[in-house]
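These notes concern the structure reproduced below.
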Amino acid sequence: MKSSRPTSELLELLASRGLAATTQRLALLAAVLDSHDRHLSAEDLYRELSEELPTLSRATVYNNLAALGAAGLIEKLETPDGSRYGPVARPHVNLVCTACGSISDVLVGDPDLEALIDRAAASGQFQPRSVSLSVNGLCSPCAAAAAG
């Protein structure tokens with residue numbers, strides 16, 4: 001899978017968070033960042049990348065996803081179907097359908113929310129790396145199916 005992002009950009013992102021740039025980590029970061037509004041499971045990523053990287057193991061996928069998430073480079077989202085990973089968009093709301101498992105990112109772009117985050121971070125001497133809010137419910141197709 002060829003990334004739409006230049007390798008130099010990926011290397012810079014990893015270096016900015018003190019992470020080593022391994023082939024597997026670069027491939028995982030690129031795959032998640034290129035997923036746009038899709039949120040992939042670790043298994044999705046393993047299947048997607050294992051042909052390109054035949055020595056890739058599931059443990060490597062899970063370990064690197066944890067490291068990338070801890071560094072704030074990707075977002076880990078818990079859903080009824082398990083953990084899913086996506087790019088970090090700040091700030092945003094994840095709309096998680098509890099029936100079909102679909103996830104939609106809605107960018108808020110609210111200056112009051114940004115100010116609240118900044119105040120909370122300042123009062124706790126904390127440096128946020130990502131901010132998201134998850135709302136669980138039914139997407140339009142599932143709500144229509146439930147009503148009909």
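Each chain in the structure tokens gets a letter, A, B and so on, in the order shown; residues start at 1 in every chain, and ligands are counted from 1 in the order they appear.
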
Polymer residues at most 10 Å from Glu43 (chain A), only C-alpha atoms, same-chain spacing of 5 or more positions, as a short mmCIF file (atom, residue, chain, number, x, y, z; two decimals) with all heavy atoms, in the first residue's frame:
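The file below, out_6.cif, is the result:
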data_model
loop_
_atom_site.label_atom_id
_atom_site.label_comp_id
_atom_site.auth_asym_id
_atom_site.auth_seq_id
_atom_site.Cartn_x
_atom_site.Cartn_y
_atom_site.Cartn_z
N GLU A 48 -4.25 -5.56 5.85
CA GLU A 48 -3.91 -4.59 4.81
C GLU A 48 -2.41 -4.53 4.55
O GLU A 48 -1.98 -4.37 3.41
CB GLU A 48 -4.43 -3.21 5.24
CG GLU A 48 -4.41 -2.17 4.17
CD GLU A 48 -5.11 -0.89 4.63
OE1 GLU A 48 -6.30 -0.96 4.98
OE2 GLU A 48 -4.44 0.15 4.63
N LEU A 49 -1.62 -4.67 5.60
CA LEU A 49 -0.17 -4.48 5.47
C LEU A 49 0.64 -5.77 5.39
O LEU A 49 1.80 -5.74 5.01
CB LEU A 49 0.35 -3.65 6.65
CG LEU A 49 -0.19 -2.22 6.72
CD1 LEU A 49 0.24 -1.56 8.02
CD2 LEU A 49 0.26 -1.42 5.52
N ARG A 58 1.02 -9.79 14.32
CA ARG A 58 -0.08 -9.10 15.01
C ARG A 58 0.44 -8.37 16.24
O ARG A 58 -0.01 -7.27 16.56
CB ARG A 58 -1.17 -10.09 15.38
CG ARG A 58 -2.02 -10.50 14.19
CD ARG A 58 -3.10 -11.51 14.59
NE ARG A 58 -3.99 -11.79 13.49
CZ ARG A 58 -3.74 -12.64 12.51
NH1 ARG A 58 -2.59 -13.32 12.49
NH2 ARG A 58 -4.61 -12.84 11.54
N VAL A 61 1.83 -5.11 15.26
CA VAL A 61 0.75 -4.16 14.95
C VAL A 61 0.20 -3.57 16.25
O VAL A 61 0.12 -2.35 16.41
CB VAL A 61 -0.38 -4.84 14.14
CG1 VAL A 61 -1.60 -3.93 14.02
CG2 VAL A 61 0.13 -5.23 12.75
N TYR A 62 -0.17 -4.43 17.20
CA TYR A 62 -0.74 -3.94 18.47
C TYR A 62 0.25 -3.06 19.23
O TYR A 62 -0.12 -2.02 19.76
CB TYR A 62 -1.20 -5.12 19.34
CG TYR A 62 -2.53 -5.67 18.91
CD1 TYR A 62 -2.60 -6.81 18.11
CD2 TYR A 62 -3.71 -5.06 19.30
CE1 TYR A 62 -3.82 -7.32 17.71
CE2 TYR A 62 -4.94 -5.57 18.90
CZ TYR A 62 -4.99 -6.70 18.11
OH TYR A 62 -6.20 -7.19 17.72
N SER A 83 -11.56 -2.11 19.65
CA SER A 83 -10.76 -0.91 19.40
C SER A 83 -10.64 -0.63 17.91
O SER A 83 -10.45 -1.55 17.11
CB SER A 83 -9.37 -1.06 19.99
OG SER A 83 -9.44 -1.26 21.37
N ARG A 84 -10.72 0.64 17.56
CA ARG A 84 -10.53 1.09 16.19
C ARG A 84 -9.57 2.27 16.23
O ARG A 84 -9.48 2.98 17.23
CB ARG A 84 -11.86 1.53 15.58
CG ARG A 84 -12.97 0.49 15.66
CD ARG A 84 -12.93 -0.55 14.58
NE ARG A 84 -13.45 -0.13 13.32
CZ ARG A 84 -14.73 0.01 13.02
NH1 ARG A 84 -15.66 -0.24 13.92
NH2 ARG A 84 -15.10 0.38 11.83
#

Problem - helix (DSSP H, G or I) per DSSP on the backbone: members of region 9-137 of chain A, as a ChimeraX atom specification - result: /A:9-16,23-33,42-50,58-70,111-123

Exercise for the section: List the neighbours of Gly82 (chain A) out to 10 Å using only C-alpha atoms; skip same-chain residues closer than 2 positions along the sequence, and give me the result as a ChimeraX atom specification. Expected result: /A:41-42,77-80,84,101

Would you save the residues of that selection, restricted to all heavy atoms, as a CSV table (one decimal), in the first residue's frame?
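Everything below was put into out-v2.csv:
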chain,number,residue,atom,x,y,z
A,41,SER,N,-9.6,-1.4,12.5
A,41,SER,CA,-9.2,-2.3,13.7
A,41,SER,C,-7.7,-2.7,13.5
A,41,SER,O,-7.2,-2.6,12.3
A,41,SER,CB,-10.1,-3.5,13.7
A,41,SER,OG,-9.8,-4.4,12.7
A,42,ALA,N,-7.1,-3.2,14.5
A,42,ALA,CA,-5.8,-3.7,14.4
A,42,ALA,C,-5.7,-4.9,13.4
A,42,ALA,O,-4.8,-5.0,12.6
A,42,ALA,CB,-5.2,-4.2,15.7
A,77,LEU,N,-10.1,4.5,19.5
A,77,LEU,CA,-11.5,4.6,19.9
A,77,LEU,C,-12.1,3.3,20.3
A,77,LEU,O,-11.9,2.3,19.5
A,77,LEU,CB,-12.2,5.3,18.7
A,77,LEU,CG,-13.7,5.5,18.9
A,77,LEU,CD1,-13.9,6.5,19.9
A,77,LEU,CD2,-14.3,6.0,17.5
A,78,GLU,N,-12.7,3.2,21.4
A,78,GLU,CA,-13.3,2.0,21.9
A,78,GLU,C,-14.8,2.0,21.3
A,78,GLU,O,-15.5,2.9,21.5
A,78,GLU,CB,-13.3,1.8,23.4
A,78,GLU,CG,-11.9,1.7,24.0
A,78,GLU,CD,-11.2,0.5,23.5
A,78,GLU,OE1,-11.8,-0.5,23.1
A,78,GLU,OE2,-9.9,0.6,23.5
A,79,THR,N,-15.1,0.9,20.6
A,79,THR,CA,-16.5,0.7,20.1
A,79,THR,C,-17.1,-0.6,20.6
A,79,THR,O,-16.3,-1.4,21.1
A,79,THR,CB,-16.4,0.7,18.5
A,79,THR,OG1,-15.9,-0.5,18.1
A,79,THR,CG2,-15.6,1.9,18.0
A,80,PRO,N,-18.3,-0.8,20.4
A,80,PRO,CA,-18.9,-2.1,20.7
A,80,PRO,C,-18.3,-3.2,20.1
A,80,PRO,O,-18.3,-4.4,20.6
A,80,PRO,CB,-20.4,-1.9,20.3
A,80,PRO,CG,-20.6,-0.5,20.3
A,80,PRO,CD,-19.3,0.2,19.9
A,84,ARG,N,-10.7,0.6,17.6
A,84,ARG,CA,-10.5,1.1,16.2
A,84,ARG,C,-9.6,2.3,16.2
A,84,ARG,O,-9.5,3.0,17.2
A,84,ARG,CB,-11.9,1.5,15.6
A,84,ARG,CG,-13.0,0.5,15.7
A,84,ARG,CD,-12.9,-0.6,14.6
A,84,ARG,NE,-13.5,-0.1,13.3
A,84,ARG,CZ,-14.7,0.0,13.0
A,84,ARG,NH1,-15.7,-0.2,13.9
A,84,ARG,NH2,-15.1,0.4,11.8
A,101,GLY,N,-21.8,-0.3,13.9
A,101,GLY,CA,-20.4,-0.1,14.2
A,101,GLY,C,-19.7,1.0,13.4
A,101,GLY,O,-18.5,1.3,13.5

Restrict the calculation to only C-alpha atoms, then for each residue of region 22-109 of chain A with any atom at most 8 Å from an atom of region 123-144 of chain A give the closest atom pair and their distance in Å to one decimal, rows by chain and rising residue number, as JSON lines.
{"residue": "A:Ala71", "atom": "CA", "partner": "A:Arg129", "partner_atom": "CA", "distance": 7.5}
{"residue": "A:Gly72", "atom": "CA", "partner": "A:Arg129", "partner_atom": "CA", "distance": 4.9}
{"residue": "A:Leu73", "atom": "CA", "partner": "A:Arg129", "partner_atom": "CA", "distance": 7.9}
{"residue": "A:Glu75", "atom": "CA", "partner": "A:Ser130", "partner_atom": "CA", "distance": 7.5}
{"residue": "A:Val88", "atom": "CA", "partner": "A:Ser130", "partner_atom": "CA", "distance": 6.4}
{"residue": "A:Ala89", "atom": "CA", "partner": "A:Ser130", "partner_atom": "CA", "distance": 7.5}
{"residue": "A:Arg90", "atom": "CA", "partner": "A:Val131", "partner_atom": "CA", "distance": 5.9}
{"residue": "A:Pro91", "atom": "CA", "partner": "A:Val131", "partner_atom": "CA", "distance": 5.4}
{"residue": "A:His92", "atom": "CA", "partner": "A:Ser132", "partner_atom": "CA", "distance": 5.2}
{"residue": "A:Val93", "atom": "CA", "partner": "A:Leu133", "partner_atom": "CA", "distance": 4.7}
{"residue": "A:Asn94", "atom": "CA", "partner": "A:Ser134", "partner_atom": "CA", "distance": 4.5}
{"residue": "A:Leu95", "atom": "CA", "partner": "A:Val135", "partner_atom": "CA", "distance": 5.0}
{"residue": "A:Val96", "atom": "CA", "partner": "A:Asn136", "partner_atom": "CA", "distance": 4.8}
{"residue": "A:Cys97", "atom": "CA", "partner": "A:Leu138", "partner_atom": "CA", "distance": 4.6}
{"residue": "A:Thr98", "atom": "CA", "partner": "A:Gly137", "partner_atom": "CA", "distance": 5.6}
{"residue": "A:Ala99", "atom": "CA", "partner": "A:Leu138", "partner_atom": "CA", "distance": 6.5}
{"residue": "A:Cys100", "atom": "CA", "partner": "A:Cys142", "partner_atom": "CA", "distance": 7.2}
{"residue": "A:Ser102", "atom": "CA", "partner": "A:Cys139", "partner_atom": "CA", "distance": 7.7}

Write out the residues from the selection above, keeping N, CA and C atoms, as a PDB file, in the first residue's frame.
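Output contents, as saved in part_33.pdb:
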ATOM      1  N   ALA A  71       1.691   8.454  21.809  1.00  0.00           N
ATOM      2  CA  ALA A  71       2.404   9.639  21.335  1.00  0.00           C
ATOM      3  C   ALA A  71       1.454  10.701  20.778  1.00  0.00           C
ATOM      4  N   GLY A  72       0.177  10.370  20.682  1.00  0.00           N
ATOM      5  CA  GLY A  72      -0.793  11.335  20.179  1.00  0.00           C
ATOM      6  C   GLY A  72      -0.806  11.477  18.675  1.00  0.00           C
ATOM      7  N   LEU A  73      -0.216  10.511  17.974  1.00  0.00           N
ATOM      8  CA  LEU A  73      -0.175  10.586  16.511  1.00  0.00           C
ATOM      9  C   LEU A  73      -1.401   9.966  15.860  1.00  0.00           C
ATOM     10  N   GLU A  75      -5.528   8.164  16.910  1.00  0.00           N
ATOM     11  CA  GLU A  75      -6.573   8.086  17.921  1.00  0.00           C
ATOM     12  C   GLU A  75      -7.042   6.650  18.059  1.00  0.00           C
ATOM     13  N   VAL A  88      -5.887  11.685  14.062  1.00  0.00           N
ATOM     14  CA  VAL A  88      -6.289  12.639  15.094  1.00  0.00           C
ATOM     15  C   VAL A  88      -6.747  13.916  14.413  1.00  0.00           C
ATOM     16  N   ALA A  89      -7.963  14.330  14.717  1.00  0.00           N
ATOM     17  CA  ALA A  89      -8.477  15.618  14.252  1.00  0.00           C
ATOM     18  C   ALA A  89      -8.876  16.388  15.497  1.00  0.00           C
ATOM     19  N   ARG A  90      -8.513  17.621  15.582  1.00  0.00           N
ATOM     20  CA  ARG A  90      -8.737  18.356  16.827  1.00  0.00           C
ATOM     21  C   ARG A  90      -9.598  19.558  16.614  1.00  0.00           C
ATOM     22  N   PRO A  91     -10.542  19.838  17.473  1.00  0.00           N
ATOM     23  CA  PRO A  91     -11.297  18.880  18.261  1.00  0.00           C
ATOM     24  C   PRO A  91     -12.396  18.277  17.403  1.00  0.00           C
ATOM     25  N   HIS A  92     -12.873  17.138  17.794  1.00  0.00           N
ATOM     26  CA  HIS A  92     -13.929  16.504  17.006  1.00  0.00           C
ATOM     27  C   HIS A  92     -14.794  15.602  17.873  1.00  0.00           C
ATOM     28  N   VAL A  93     -15.905  15.229  17.297  1.00  0.00           N
ATOM     29  CA  VAL A  93     -16.836  14.313  17.948  1.00  0.00           C
ATOM     30  C   VAL A  93     -16.902  13.049  17.104  1.00  0.00           C
ATOM     31  N   ASN A  94     -16.765  11.894  17.745  1.00  0.00           N
ATOM     32  CA  ASN A  94     -16.935  10.610  17.070  1.00  0.00           C
ATOM     33  C   ASN A  94     -18.384  10.186  17.248  1.00  0.00           C
ATOM     34  N   LEU A  95     -19.094   9.986  16.157  1.00  0.00           N
ATOM     35  CA  LEU A  95     -20.456   9.473  16.208  1.00  0.00           C
ATOM     36  C   LEU A  95     -20.363   7.980  15.939  1.00  0.00           C
ATOM     37  N   VAL A  96     -20.600   7.166  16.975  1.00  0.00           N
ATOM     38  CA  VAL A  96     -20.416   5.720  16.908  1.00  0.00           C
ATOM     39  C   VAL A  96     -21.784   5.052  16.893  1.00  0.00           C
ATOM     40  N   CYS A  97     -22.089   4.326  15.817  1.00  0.00           N
ATOM     41  CA  CYS A  97     -23.355   3.610  15.726  1.00  0.00           C
ATOM     42  C   CYS A  97     -23.228   2.294  16.491  1.00  0.00           C
ATOM     43  N   THR A  98     -24.101   2.111  17.470  1.00  0.00           N
ATOM     44  CA  THR A  98     -24.051   0.903  18.285  1.00  0.00           C
ATOM     45  C   THR A  98     -24.666  -0.298  17.583  1.00  0.00           C
ATOM     46  N   ALA A  99     -25.333  -0.074  16.453  1.00  0.00           N
ATOM     47  CA  ALA A  99     -25.937  -1.184  15.713  1.00  0.00           C
ATOM     48  C   ALA A  99     -24.987  -1.739  14.660  1.00  0.00           C
ATOM     49  N   CYS A 100     -24.470  -0.867  13.789  1.00  0.00           N
ATOM     50  CA  CYS A 100     -23.633  -1.354  12.688  1.00  0.00           C
ATOM     51  C   CYS A 100     -22.137  -1.119  12.905  1.00  0.00           C
ATOM     52  N   SER A 102     -20.478   1.716  12.559  1.00  0.00           N
ATOM     53  CA  SER A 102     -19.884   2.789  11.762  1.00  0.00           C
ATOM     54  C   SER A 102     -19.464   3.937  12.677  1.00  0.00           C
TER      55      SER A 102
END

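The nearest approach to Glu9 (chain A) among the residues A:Ile117, A:Leu33, A:Leu56, A:Gln24, with only C-alpha atoms taken into account, belongs to A:Leu33.
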
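For the pair CA of Leu10 (chain A) and CA of Val106 (chain A), the separation is 24.5 Å.
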
Practice task
Kindly indicate which residue among A:Thr7, A:Glu12, A:Ala20, A:Pro54 lies nearest to Ala67 (chain A), using only C-alpha atoms for the distances.
Solution key: A:Ala20

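Nearest-residue note for Leu13 (chain A): choosing from A:Leu113, A:Ala147, A:Ala120, A:Leu68, the minimum distance belongs to A:Leu68, counting only C-alpha atoms.
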
Exercise for the section: Go through region 16-133 of chain A and collect every residue that DSSP, computed from the backbone, puts in strand (DSSP E or B); the answer should be as a list in words. Expected result: Leu40, Ile74, Glu75, Lys76, Leu77, Glu78, Thr79, Gly82, Ser83, Arg84, Tyr85, Gly86, Pro87, His92, Val93, Asn94, Leu95, Val96, Cys97, Ile103, Ser104, Asp105, Val106, Leu107, Ser132 and Leu133 of chain A

Selected residues written out, C-alpha atoms, as a PDB file, in the first residue's frame:
ATOM      1  CA  LEU A  40      -9.632   0.585  11.230  1.00  0.00           C
ATOM      2  CA  ILE A  74      -3.289   8.447  16.081  1.00  0.00           C
ATOM      3  CA  GLU A  75      -6.573   8.086  17.921  1.00  0.00           C
ATOM      4  CA  LYS A  76      -7.738   4.882  19.597  1.00  0.00           C
ATOM      5  CA  LEU A  77     -11.477   4.638  19.887  1.00  0.00           C
ATOM      6  CA  GLU A  78     -13.329   1.961  21.853  1.00  0.00           C
ATOM      7  CA  THR A  79     -16.459   0.743  20.074  1.00  0.00           C
ATOM      8  CA  GLY A  82     -13.549  -3.433  19.824  1.00  0.00           C
ATOM      9  CA  SER A  83     -10.765  -0.910  19.396  1.00  0.00           C
ATOM     10  CA  ARG A  84     -10.532   1.093  16.185  1.00  0.00           C
ATOM     11  CA  TYR A  85      -7.812   3.509  15.082  1.00  0.00           C
ATOM     12  CA  GLY A  86      -7.972   6.698  13.055  1.00  0.00           C
ATOM     13  CA  PRO A  87      -6.200   9.958  12.424  1.00  0.00           C
ATOM     14  CA  HIS A  92     -13.929  16.504  17.006  1.00  0.00           C
ATOM     15  CA  VAL A  93     -16.836  14.313  17.948  1.00  0.00           C
ATOM     16  CA  ASN A  94     -16.935  10.610  17.070  1.00  0.00           C
ATOM     17  CA  LEU A  95     -20.456   9.473  16.208  1.00  0.00           C
ATOM     18  CA  VAL A  96     -20.416   5.720  16.908  1.00  0.00           C
ATOM     19  CA  CYS A  97     -23.355   3.610  15.726  1.00  0.00           C
ATOM     20  CA  ILE A 103     -17.927   5.782  13.006  1.00  0.00           C
ATOM     21  CA  SER A 104     -18.156   9.316  11.663  1.00  0.00           C
ATOM     22  CA  ASP A 105     -15.852  12.156  12.666  1.00  0.00           C
ATOM     23  CA  VAL A 106     -17.523  15.528  12.987  1.00  0.00           C
ATOM     24  CA  LEU A 107     -15.129  18.450  13.260  1.00  0.00           C
ATOM     25  CA  SER A 132     -12.222  13.766  21.042  1.00  0.00           C
ATOM     26  CA  LEU A 133     -15.675  13.090  22.335  1.00  0.00           C
TER      27      LEU A 133
END
